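Here is final.cif, consisting of mmCIF, C-alpha atoms and all ligand atoms:
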data_my_file
#
loop_
_atom_site.label_atom_id
_atom_site.label_comp_id
_atom_site.auth_asym_id
_atom_site.auth_seq_id
_atom_site.Cartn_x
_atom_site.Cartn_y
_atom_site.Cartn_z
CA LYS A 16 0.00 0.00 0.00
CA GLN A 17 1.18 3.49 -0.87
CA VAL A 18 0.61 6.98 0.46
CA LEU A 19 0.43 10.04 -1.77
CA ALA A 20 1.31 13.30 -0.01
CA VAL A 21 0.41 16.60 -1.64
CA SER A 22 2.73 19.44 -0.67
CA GLY A 23 3.43 23.10 -1.25
CA GLY A 24 6.38 24.86 0.39
CA VAL A 25 7.50 25.12 4.03
CA GLY A 26 4.43 23.80 5.96
CA GLY A 27 3.88 20.96 3.55
CA ALA A 28 7.56 20.05 3.47
CA LYS A 29 7.64 19.67 7.27
CA LEU A 30 4.93 17.00 7.19
CA ALA A 31 6.45 15.42 4.07
CA LEU A 32 9.65 14.99 6.09
CA GLY A 33 7.63 13.44 8.94
CA LEU A 34 6.01 11.01 6.52
CA ALA A 35 9.43 10.17 5.05
CA GLN A 36 10.64 9.31 8.56
CA VAL A 37 7.85 6.79 9.15
CA LEU A 38 7.28 5.39 5.64
CA SER A 39 9.74 3.59 3.36
CA ALA A 40 10.64 4.83 -0.12
CA GLU A 41 8.24 2.23 -1.56
CA GLN A 42 5.38 3.46 0.64
CA LEU A 43 5.51 7.21 0.00
CA THR A 44 5.26 9.48 -3.02
CA ILE A 45 5.27 13.24 -2.59
CA VAL A 46 3.72 15.43 -5.26
CA SER A 47 4.70 19.07 -5.21
CA ASN A 48 3.01 22.19 -6.49
CA THR A 49 4.72 23.76 -9.51
CA ALA A 50 2.33 26.65 -10.09
CA ASP A 51 4.60 29.05 -8.13
CA ASP A 52 7.38 28.25 -10.60
CA PHE A 53 8.70 31.08 -12.72
CA GLU A 54 11.50 32.15 -14.99
CA HIS A 55 13.84 34.76 -13.55
CA LEU A 56 17.37 35.87 -14.50
CA GLY A 57 17.16 33.23 -17.23
CA PHE A 58 16.63 30.41 -14.72
CA SER A 59 13.76 27.96 -14.30
CA ILE A 60 12.82 28.25 -10.65
CA SER A 61 10.66 25.69 -8.80
CA PRO A 62 10.39 26.97 -5.22
CA ASP A 63 8.05 24.34 -3.77
CA LEU A 64 9.87 21.39 -5.36
CA ASP A 65 13.16 22.76 -4.04
CA THR A 66 11.80 23.43 -0.55
CA VAL A 67 10.59 19.82 -0.30
CA MET A 68 13.78 18.48 -1.88
CA TYR A 69 16.14 20.43 0.40
CA THR A 70 13.99 19.56 3.44
CA LEU A 71 14.04 15.82 2.67
CA ALA A 72 17.81 16.04 2.20
CA GLY A 73 18.18 17.87 5.54
CA LEU A 74 19.83 20.77 3.70
CA ASN A 75 17.05 23.36 4.00
CA ASN A 76 17.66 26.84 5.35
CA LYS A 77 15.58 26.97 8.52
CA GLU A 78 15.98 30.71 9.10
CA LEU A 79 14.76 31.74 5.64
CA GLY A 80 12.29 28.88 5.13
CA TRP A 81 13.56 28.45 1.56
CA GLY A 82 16.89 27.73 -0.10
CA LEU A 83 19.92 25.96 1.35
CA ALA A 84 21.46 26.09 4.81
CA GLY A 85 24.86 27.79 5.09
CA GLU A 86 24.15 29.84 1.99
CA THR A 87 26.36 32.72 0.77
CA TRP A 88 25.26 35.55 -1.52
CA SER A 89 28.34 36.66 -3.51
CA CYS A 90 26.67 36.27 -6.87
CA MET A 91 23.60 38.33 -5.86
CA GLU A 92 25.84 41.06 -4.37
CA SER A 93 27.80 41.34 -7.63
CA LEU A 94 24.65 41.15 -9.73
CA ALA A 95 23.09 44.01 -7.76
CA HIS A 96 25.76 46.36 -9.23
CA PHE A 97 24.04 46.23 -12.61
CA SER A 98 20.66 44.54 -12.23
CA ASP A 99 17.44 45.52 -10.46
CA GLN A 100 16.32 41.88 -10.55
CA THR A 101 17.88 40.83 -7.26
CA TRP A 102 14.60 41.12 -5.34
CA PHE A 103 14.39 37.36 -5.81
CA ARG A 104 17.56 36.04 -4.25
CA LEU A 105 19.30 32.94 -5.49
CA GLY A 106 22.12 31.97 -3.13
CA ASP A 107 25.48 30.78 -4.45
CA LYS A 108 24.78 27.12 -3.63
CA ASP A 109 21.17 27.31 -4.76
CA LEU A 110 22.39 28.73 -8.07
CA ALA A 111 24.01 25.38 -8.83
CA THR A 112 20.59 23.71 -8.66
CA HIS A 113 19.19 26.37 -10.96
CA ILE A 114 22.04 26.25 -13.48
CA TYR A 115 21.64 22.48 -13.71
CA ARG A 116 17.81 22.42 -13.83
CA SER A 117 17.62 25.20 -16.41
CA ALA A 118 20.20 23.59 -18.70
CA GLU A 119 18.53 20.17 -18.51
CA LEU A 120 15.07 21.62 -19.24
CA GLN A 121 16.60 23.56 -22.13
CA LYS A 122 17.85 20.24 -23.57
CA GLY A 123 14.29 18.92 -23.46
CA VAL A 124 14.60 16.80 -20.30
CA SER A 125 11.33 16.77 -18.32
CA LEU A 126 10.99 18.49 -14.95
CA SER A 127 10.13 15.06 -13.47
CA ARG A 128 13.41 13.61 -14.72
CA VAL A 129 15.50 16.62 -13.60
CA THR A 130 13.88 16.43 -10.15
CA GLU A 131 14.67 12.70 -9.98
CA GLN A 132 18.31 13.40 -10.89
CA LEU A 133 18.61 16.18 -8.30
CA CYS A 134 16.99 13.98 -5.63
CA GLN A 135 19.33 11.12 -6.48
CA SER A 136 22.37 13.37 -6.14
CA LEU A 137 21.08 14.52 -2.73
CA ALA A 138 20.56 10.88 -1.63
CA ILE A 139 16.79 11.33 -1.26
CA SER A 140 15.22 7.88 -1.44
CA HIS A 141 11.53 8.86 -1.45
CA ARG A 142 9.87 9.71 -4.74
CA LEU A 143 9.28 13.44 -5.31
CA LEU A 144 7.22 14.41 -8.35
CA PRO A 145 6.16 17.74 -9.82
CA MET A 146 2.37 17.95 -10.23
CA THR A 147 2.90 18.37 -13.98
CA ASP A 148 5.72 18.56 -16.51
CA ASP A 149 3.82 21.31 -18.30
CA ARG A 150 3.83 25.02 -17.64
CA VAL A 151 1.21 26.20 -15.12
CA ARG A 152 1.52 29.63 -13.49
CA THR A 153 -0.47 31.00 -10.58
CA MET A 154 -1.69 34.52 -11.25
CA VAL A 155 -2.90 36.51 -8.26
CA GLN A 156 -5.75 38.90 -9.02
CA THR A 157 -5.26 41.99 -6.86
CA ASP A 158 -6.16 45.67 -6.48
CA GLN A 159 -2.95 46.30 -8.44
CA GLY A 160 -3.92 44.00 -11.31
CA ALA A 161 -2.99 40.40 -11.99
CA LEU A 162 0.45 39.53 -10.65
CA ALA A 163 2.59 36.45 -11.26
CA PHE A 164 2.80 34.59 -7.93
CA GLN A 165 6.44 35.40 -7.10
CA HIS A 166 5.90 39.04 -8.03
CA TYR A 167 2.97 39.15 -5.58
CA PHE A 168 4.70 37.08 -2.90
CA VAL A 169 8.33 38.16 -2.94
CA ARG A 170 8.56 41.43 -4.88
CA GLU A 171 5.35 42.99 -3.50
CA GLN A 172 5.64 41.17 -0.14
CA CYS A 173 1.96 40.06 -0.35
CA ARG A 174 0.85 43.70 0.14
CA PRO A 175 -1.71 43.89 -2.73
CA VAL A 176 -5.28 42.98 -1.75
CA VAL A 177 -6.26 39.62 -3.25
CA SER A 178 -9.57 39.13 -5.06
CA GLY A 179 -8.91 35.74 -6.68
CA PHE A 180 -6.50 33.45 -8.50
CA TYR A 181 -6.20 31.82 -11.85
CA PHE A 182 -3.77 29.22 -13.07
CA ASP A 183 -2.40 30.11 -16.47
CA GLY A 184 -1.95 26.97 -18.60
CA ILE A 185 -3.98 24.69 -16.32
CA GLU A 186 -6.41 23.56 -19.07
CA GLN A 187 -3.63 22.41 -21.39
CA ALA A 188 -1.42 20.84 -18.69
CA ALA A 189 -1.40 17.10 -18.05
CA PRO A 190 -1.00 15.85 -14.48
CA GLN A 191 2.32 14.04 -14.00
CA SER A 192 1.93 10.47 -15.31
CA ASP A 193 3.13 8.65 -12.14
CA VAL A 194 0.72 10.75 -10.08
CA VAL A 195 -2.12 9.74 -12.41
CA ALA A 196 -1.08 6.07 -12.18
CA LEU A 197 -1.15 6.25 -8.35
CA LEU A 198 -4.53 7.99 -8.33
CA GLU A 199 -5.89 5.20 -10.53
CA SER A 200 -4.28 2.46 -8.46
CA SER A 201 -6.04 0.17 -5.99
CA SER A 202 -2.85 0.03 -3.91
CA LEU A 203 -3.28 3.61 -2.68
CA ALA A 204 -3.76 3.63 1.13
CA SER A 205 -4.40 7.35 1.56
CA ILE A 206 -3.98 10.77 0.04
CA ILE A 207 -2.63 13.27 2.52
CA ILE A 208 -2.99 16.98 1.82
CA CYS A 209 -0.16 18.54 3.82
CA PRO A 210 -0.72 21.80 5.77
CA SER A 211 -0.03 23.99 2.75
CA ASN A 212 -1.87 27.02 1.37
CA PRO A 213 -5.17 25.68 -0.05
CA PHE A 214 -5.51 28.44 -2.68
CA VAL A 215 -2.05 28.52 -4.20
CA SER A 216 -0.27 25.33 -3.12
CA VAL A 217 -2.94 22.63 -3.33
CA ASP A 218 -5.66 23.95 -5.64
CA PRO A 219 -3.42 23.96 -8.76
CA LEU A 220 -2.97 20.17 -8.50
CA LEU A 221 -6.69 19.68 -7.82
CA LYS A 222 -7.54 21.74 -10.91
CA LEU A 223 -5.36 19.69 -13.28
CA ALA A 224 -7.50 17.61 -15.66
CA GLY A 225 -9.08 14.64 -13.88
CA VAL A 226 -7.15 14.89 -10.62
CA ALA A 227 -9.99 15.82 -8.24
CA ALA A 228 -12.31 13.26 -9.90
CA LYS A 229 -9.67 10.52 -9.61
CA MET A 230 -9.06 11.39 -5.94
CA ALA A 231 -12.79 11.14 -5.26
CA ALA A 232 -13.13 7.89 -7.24
CA ASN A 233 -10.22 6.18 -5.48
CA LYS A 234 -11.21 4.22 -2.37
CA ALA A 235 -8.27 5.73 -0.50
CA PRO A 236 -9.39 8.42 1.96
CA VAL A 237 -8.34 12.02 1.34
CA ILE A 238 -7.12 13.61 4.58
CA ALA A 239 -6.14 17.27 4.92
CA ILE A 240 -4.16 18.80 7.74
CA SER A 241 -5.35 22.35 8.37
CA PRO A 242 -2.69 25.00 7.67
CA ILE A 243 -4.83 27.43 9.69
CA VAL A 244 -4.33 27.10 13.44
CA GLY A 245 -6.07 29.44 15.89
CA GLY A 246 -7.23 31.70 13.07
CA SER A 247 -3.80 32.34 11.60
CA ALA A 248 -1.38 30.66 9.24
CA ILE A 249 1.81 29.16 10.68
CA LYS A 250 3.70 30.58 7.70
CA GLY A 251 2.87 32.57 4.59
CA PRO A 252 -0.09 34.63 3.37
CA ALA A 253 -2.92 32.08 3.72
CA ALA A 254 -4.68 33.97 6.54
CA LYS A 255 -4.50 37.30 4.66
CA MET A 256 -5.91 35.57 1.56
CA PHE A 257 -8.82 34.00 3.48
CA ALA A 258 -9.71 37.42 4.95
CA GLU A 259 -9.43 39.33 1.66
CA LEU A 260 -11.53 36.73 -0.15
CA GLY A 261 -14.22 37.10 2.52
CA LEU A 262 -13.82 33.53 3.76
CA ALA A 263 -13.64 32.41 7.37
CA CYS A 264 -9.99 32.13 8.34
CA THR A 265 -10.46 29.00 10.44
CA CYS A 266 -9.90 25.27 10.04
CA GLU A 267 -13.63 25.10 9.21
CA GLY A 268 -12.98 27.54 6.35
CA VAL A 269 -10.29 25.14 5.12
CA ALA A 270 -12.77 22.24 5.34
CA ASP A 271 -15.29 24.27 3.31
CA PHE A 272 -12.66 25.09 0.70
CA TYR A 273 -11.87 21.41 0.07
CA GLY A 274 -15.51 20.43 0.57
CA GLU A 275 -16.61 17.04 -0.70
CA LEU A 276 -13.09 15.99 -1.60
CA LEU A 277 -12.28 15.36 2.06
CA ASP A 278 -12.81 12.10 3.92
CA GLY A 279 -11.12 13.43 7.03
CA MET A 280 -9.43 16.43 8.50
CA VAL A 281 -6.70 16.94 11.08
CA ILE A 282 -7.07 20.09 13.18
CA ASP A 283 -5.08 21.52 16.03
CA THR A 284 -6.05 21.16 19.70
CA VAL A 285 -6.48 24.95 19.95
CA ASP A 286 -9.24 24.56 17.34
CA ALA A 287 -11.02 21.67 19.11
CA ALA A 288 -14.20 23.78 19.27
CA PHE A 289 -14.52 23.49 15.47
CA GLN A 290 -14.66 19.68 15.52
CA PRO A 291 -18.49 19.38 15.81
CA ALA A 292 -19.11 21.88 12.98
CA ILE A 293 -16.67 20.11 10.64
CA GLU A 294 -18.00 16.66 11.56
CA ALA A 295 -21.56 17.93 10.92
CA LYS A 296 -20.42 18.41 7.30
CA GLY A 297 -19.64 14.69 7.18
CA ILE A 298 -15.88 15.11 7.63
CA PRO A 299 -14.46 13.16 10.60
CA CYS A 300 -11.87 15.19 12.51
CA LEU A 301 -8.72 14.23 14.34
CA VAL A 302 -7.81 16.82 16.97
CA THR A 303 -4.11 16.85 17.84
CA ASN A 304 -1.00 19.00 18.03
CA THR A 305 -0.33 20.05 14.42
CA VAL A 306 2.33 22.69 15.05
CA MET A 307 5.56 20.96 14.07
CA LYS A 308 8.52 22.41 15.96
CA SER A 309 10.85 19.43 16.34
CA LEU A 310 11.73 16.55 14.07
CA GLN A 311 9.80 14.33 16.48
CA ASP A 312 6.69 16.54 16.08
CA ARG A 313 6.86 15.93 12.32
CA ALA A 314 7.05 12.15 12.70
CA GLU A 315 4.32 12.12 15.38
CA LEU A 316 1.89 14.12 13.27
CA ALA A 317 2.69 11.84 10.31
CA GLU A 318 2.02 8.71 12.39
CA GLN A 319 -1.20 10.04 13.90
CA THR A 320 -2.49 11.12 10.49
CA LEU A 321 -1.72 7.69 9.00
CA ALA A 322 -3.40 5.91 11.92
CA PHE A 323 -6.44 8.19 11.59
N1 LIG A 401 11.27 33.98 -0.87
C1 LIG A 401 11.47 35.26 -0.51
O1 LIG A 401 10.69 35.80 0.29
N2 LIG A 401 12.54 35.98 -1.01
C2 LIG A 401 13.42 35.44 -1.87
O2 LIG A 401 14.36 36.11 -2.30
C3 LIG A 401 13.24 34.07 -2.25
C4 LIG A 401 14.13 33.41 -3.09
C5 LIG A 401 13.94 32.04 -3.38
C6 LIG A 401 14.86 31.37 -4.17
C7 LIG A 401 14.68 30.02 -4.46
C8 LIG A 401 13.56 29.35 -3.95
O3 LIG A 401 13.38 28.05 -4.22
C9 LIG A 401 12.64 30.02 -3.16
C10 LIG A 401 12.82 31.36 -2.86
N3 LIG A 401 11.92 32.05 -2.05
C11 LIG A 401 12.12 33.37 -1.72
C12 LIG A 401 10.77 31.39 -1.47
C13 LIG A 401 9.57 31.18 -2.33
O4 LIG A 401 9.52 31.73 -3.55
C14 LIG A 401 8.22 31.16 -1.61
O5 LIG A 401 8.36 30.91 -0.26
C15 LIG A 401 7.35 30.10 -2.17
O6 LIG A 401 7.08 30.23 -3.51
C16 LIG A 401 6.04 29.97 -1.40
O7 LIG A 401 5.71 28.65 -1.31
CA CA A 402 -12.20 8.78 -2.09
#

Could you write out this file's structure as structure tokens?
Ligand code: FO1
Ligand code: CA
Amino acid sequence: KQVLAVSGGVGGAKLALGLAQVLSAEQLTIVSNTADDFEHLGFSISPDLDTVMYTLAGLNNKELGWGLAGETWSCMESLAHFSDQTWFRLGDKDLATHIYRSAELQKGVSLSRVTEQLCQSLAISHRLLPMTDDRVRTMVQTDQGALAFQHYFVREQCRPVVSGFYFDGIEQAAPQSDVVALLESSSLASIIICPSNPFVSVDPLLKLAGVAAKMAANKAPVIAISPIVGGSAIKGPAAKMFAELGLACTCEGVADFYGELLDGMVIDTVDAAFQPAIEAKGIPCLVTNTVMKSLQDRAELAEQTLAF
């Protein structure tokens, strides 16, 4: 039996690491959002894939929440002398990943294959897949017009007021073939939606042709861990997005967003009061500590979610 974990960046990667601690390489596949990907300084950048990859390898930068630990910034410092494009910072070590990925993609190698090669070189045994090998780009609709996700998130520091999202290229994109095979397989034990941003980290995968329908059709339960704890997001702009979209910024709001897709939800003990309301929607709830501080927290949440 196999588990499919759906992950965005930091929050998702923490649980993905927990799952990787308790499940073997044969038992776990992680599928990562690629709709925050973009092209910048001539490089093909895949922030969520890299965050999961560096986290699984134990090389992630814990202070920044992205990139590599022990990073240096010589290249960006030199580049800043003649470019105004250094608002998105690629560290010296991280640049190596980007030089390699961009060159391989340029040769026609798929993002799946490049990711596999990078994971192999970092001694990651679990399978990490991009949600698609095709180009999908999250566009954030704001009071300042439609912005590419990284322009909204990094350059504008999430300041513009959000009114919606669209995923450029989503209709033409095919979900990654191994992900499709798993979703169609009878050996799937569960689908775990990691505590990532529902709007921009999970929804792109769900909106790829056939994915939501295949998740619903598979007998494996779909379980989401709420990224909203006590009315705020552990990391990132999810809470601000919920508020600006006029949605309840609570774990119940997360349950409503995923709706019928869910067979179960994991919420934090501080949100225990929401359990009856979510269960009244037909979604059984596990109430536990979901805030992952230590490595042990990650493994414990993974184990409890699997048992649930
Ligand atoms: N986030 C920032 O806030 N500032 C950056 O300069 C930045 C650079 C960066 C480089 C590579 C990478 O993989 C991620 C990077 N991120 C940066 C993080 C990232 O873009 C976002 O956290 C995610 O897209 C949200 O999931
Ligand atoms: Ca199902």

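Atom pair CA of Leu43 in chain A / CA of Ile208 in chain A has a distance of 13.1 Å (rounded to one decimal).
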
Residues at most 8 Å from ligand LIG 401 (chain A), using all atoms listed in the file? Could they come as a PyMOL selection string?
chain A and resi 23-25+51-52+60-66+79-82+101-106+109+164-165+168-170+172+216+251

Produce as a compact mmCIF listing (two decimals) with C-alpha atoms, in the frame of the given file the set of residues near ligand CA 402 (chain A), where near means within 12 Å with only C-alpha atoms and all ligand atoms considered.
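File result-v4.txt, as written:
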# COMPACT_ATOMS: atom_id res chain seq x y z
CA LEU A 198 -4.53 7.99 -8.33
CA GLU A 199 -5.89 5.20 -10.53
CA SER A 200 -4.28 2.46 -8.46
CA SER A 201 -6.04 0.17 -5.99
CA LEU A 203 -3.28 3.61 -2.68
CA ALA A 204 -3.76 3.63 1.13
CA SER A 205 -4.40 7.35 1.56
CA ILE A 206 -3.98 10.77 0.04
CA ILE A 207 -2.63 13.27 2.52
CA VAL A 226 -7.15 14.89 -10.62
CA ALA A 227 -9.99 15.82 -8.24
CA ALA A 228 -12.31 13.26 -9.90
CA LYS A 229 -9.67 10.52 -9.61
CA MET A 230 -9.06 11.39 -5.94
CA ALA A 231 -12.79 11.14 -5.26
CA ALA A 232 -13.13 7.89 -7.24
CA ASN A 233 -10.22 6.18 -5.48
CA LYS A 234 -11.21 4.22 -2.37
CA ALA A 235 -8.27 5.73 -0.50
CA PRO A 236 -9.39 8.42 1.96
CA VAL A 237 -8.34 12.02 1.34
CA ILE A 238 -7.12 13.61 4.58
CA GLU A 275 -16.61 17.04 -0.70
CA LEU A 276 -13.09 15.99 -1.60
CA LEU A 277 -12.28 15.36 2.06
CA ASP A 278 -12.81 12.10 3.92
CA GLY A 279 -11.12 13.43 7.03

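Among A:Gly179, A:Pro291, A:Gly261, A:Pro213, the residue with the shortest atom-to-atom distance to Gly274 in chain A, counting only C-alpha atoms, is A:Pro213.
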
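Taking CA of Leu19 in chain A and CA of Thr44 in chain A as endpoints, the distance between them is 5.0 Å.
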
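The closest residue to Arg128 in chain A, picked from A:Leu144, A:Leu94, A:Ile114, A:Val306 and counting all atoms listed in the file, is A:Leu144.
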
Size and centre in Å, one decimal, axis-aligned box, all listed range 174-180 of chain A atoms plus 5 Å per side, as AutoDock Vina command-line options:
--center_x -4.4 --center_y 38.7 --center_z -4.2 --size_x 20.4 --size_y 20.4 --size_z 18.6

Given the point (-2.9, 27.7, -19.1) in the file's coordinates, find the residues that have an atom at most 10 Å from it, counting all atoms listed in the file, and give them as JSON, numbers by chain.
{"A": [149, 150, 151, 152, 153, 181, 182, 183, 184, 185, 186, 187, 188]}

Using all atoms listed in the file, which residue out of A:Cys266, A:Ala111, A:Ala161, A:Val46 lies closest to Ala28 in chain A?
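Among the listed residues, the smallest separation from Ala28 in chain A belongs to A:Val46.
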
Leaving out Asp107 in chain A and any residue of its chain fewer than 4 positions from it, which residues lie within 8 Å of it when counting only C-alpha atoms, given as number ranges by chain?
A: 86-91, 111

Complete the atom set of range 216-242 of chain A to N, CA and C atoms and return it as an mmCIF file, keeping the file's coordinate frame.
data_model
loop_
_atom_site.group_PDB
_atom_site.id
_atom_site.type_symbol
_atom_site.label_atom_id
_atom_site.label_comp_id
_atom_site.auth_asym_id
_atom_site.auth_seq_id
_atom_site.Cartn_x
_atom_site.Cartn_y
_atom_site.Cartn_z
ATOM 1 N N SER A 216 -1.182 26.473 -3.148
ATOM 2 C CA SER A 216 -0.270 25.330 -3.120
ATOM 3 C C SER A 216 -0.965 24.017 -3.460
ATOM 4 N N VAL A 217 -2.245 23.904 -3.129
ATOM 5 C CA VAL A 217 -2.940 22.630 -3.330
ATOM 6 C C VAL A 217 -3.920 22.706 -4.502
ATOM 7 N N ASP A 218 -4.644 23.838 -4.610
ATOM 8 C CA ASP A 218 -5.660 23.950 -5.640
ATOM 9 C C ASP A 218 -5.123 23.737 -7.070
ATOM 10 N N PRO A 219 -3.898 24.210 -7.390
ATOM 11 C CA PRO A 219 -3.420 23.960 -8.760
ATOM 12 C C PRO A 219 -3.423 22.471 -9.119
ATOM 13 N N LEU A 220 -2.953 21.611 -8.221
ATOM 14 C CA LEU A 220 -2.970 20.170 -8.500
ATOM 15 C C LEU A 220 -4.412 19.679 -8.670
ATOM 16 N N LEU A 221 -5.290 20.136 -7.768
ATOM 17 C CA LEU A 221 -6.690 19.680 -7.820
ATOM 18 C C LEU A 221 -7.377 20.114 -9.107
ATOM 19 N N LYS A 222 -6.903 21.221 -9.704
ATOM 20 C CA LYS A 222 -7.540 21.740 -10.910
ATOM 21 C C LYS A 222 -6.945 21.157 -12.197
ATOM 22 N N LEU A 223 -5.902 20.344 -12.085
ATOM 23 C CA LEU A 223 -5.360 19.690 -13.280
ATOM 24 C C LEU A 223 -6.373 18.635 -13.755
ATOM 25 N N ALA A 224 -6.473 18.477 -15.064
ATOM 26 C CA ALA A 224 -7.500 17.610 -15.660
ATOM 27 C C ALA A 224 -7.603 16.253 -14.971
ATOM 28 N N GLY A 225 -8.774 15.970 -14.421
ATOM 29 C CA GLY A 225 -9.080 14.640 -13.880
ATOM 30 C C GLY A 225 -8.599 14.368 -12.470
ATOM 31 N N VAL A 226 -7.758 15.228 -11.906
ATOM 32 C CA VAL A 226 -7.150 14.890 -10.620
ATOM 33 C C VAL A 226 -8.173 14.799 -9.489
ATOM 34 N N ALA A 227 -9.010 15.828 -9.336
ATOM 35 C CA ALA A 227 -9.990 15.820 -8.240
ATOM 36 C C ALA A 227 -10.953 14.631 -8.403
ATOM 37 N N ALA A 228 -11.377 14.377 -9.638
ATOM 38 C CA ALA A 228 -12.310 13.260 -9.900
ATOM 39 C C ALA A 228 -11.650 11.930 -9.556
ATOM 40 N N LYS A 229 -10.374 11.772 -9.914
ATOM 41 C CA LYS A 229 -9.670 10.520 -9.610
ATOM 42 C C LYS A 229 -9.461 10.353 -8.104
ATOM 43 N N MET A 230 -9.197 11.467 -7.408
ATOM 44 C CA MET A 230 -9.060 11.390 -5.940
ATOM 45 C C MET A 230 -10.365 10.927 -5.317
ATOM 46 N N ALA A 231 -11.471 11.487 -5.813
ATOM 47 C CA ALA A 231 -12.790 11.140 -5.260
ATOM 48 C C ALA A 231 -13.130 9.691 -5.583
ATOM 49 N N ALA A 232 -12.765 9.238 -6.795
ATOM 50 C CA ALA A 232 -13.130 7.890 -7.240
ATOM 51 C C ALA A 232 -12.292 6.821 -6.540
ATOM 52 N N ASN A 233 -11.080 7.161 -6.142
ATOM 53 C CA ASN A 233 -10.220 6.180 -5.480
ATOM 54 C C ASN A 233 -10.778 5.871 -4.089
ATOM 55 N N LYS A 234 -10.690 4.599 -3.685
ATOM 56 C CA LYS A 234 -11.210 4.220 -2.370
ATOM 57 C C LYS A 234 -10.383 4.804 -1.227
ATOM 58 N N ALA A 235 -9.154 5.190 -1.539
ATOM 59 C CA ALA A 235 -8.270 5.730 -0.500
ATOM 60 C C ALA A 235 -8.852 7.030 0.058
ATOM 61 N N PRO A 236 -8.872 7.175 1.385
ATOM 62 C CA PRO A 236 -9.390 8.420 1.960
ATOM 63 C C PRO A 236 -8.455 9.604 1.691
ATOM 64 N N VAL A 237 -9.078 10.759 1.510
ATOM 65 C CA VAL A 237 -8.340 12.020 1.340
ATOM 66 C C VAL A 237 -8.382 12.757 2.680
ATOM 67 N N ILE A 238 -7.219 12.981 3.255
ATOM 68 C CA ILE A 238 -7.120 13.610 4.580
ATOM 69 C C ILE A 238 -6.321 14.899 4.460
ATOM 70 N N ALA A 239 -6.894 16.008 4.938
ATOM 71 C CA ALA A 239 -6.140 17.270 4.920
ATOM 72 C C ALA A 239 -5.765 17.686 6.327
ATOM 73 N N ILE A 240 -4.583 18.211 6.467
ATOM 74 C CA ILE A 240 -4.160 18.800 7.740
ATOM 75 C C ILE A 240 -4.338 20.302 7.594
ATOM 76 N N SER A 241 -5.070 20.918 8.505
ATOM 77 C CA SER A 241 -5.350 22.350 8.370
ATOM 78 C C SER A 241 -4.077 23.182 8.511
ATOM 79 N N PRO A 242 -3.824 24.082 7.530
ATOM 80 C CA PRO A 242 -2.690 25.000 7.670
ATOM 81 C C PRO A 242 -3.069 26.208 8.526
#
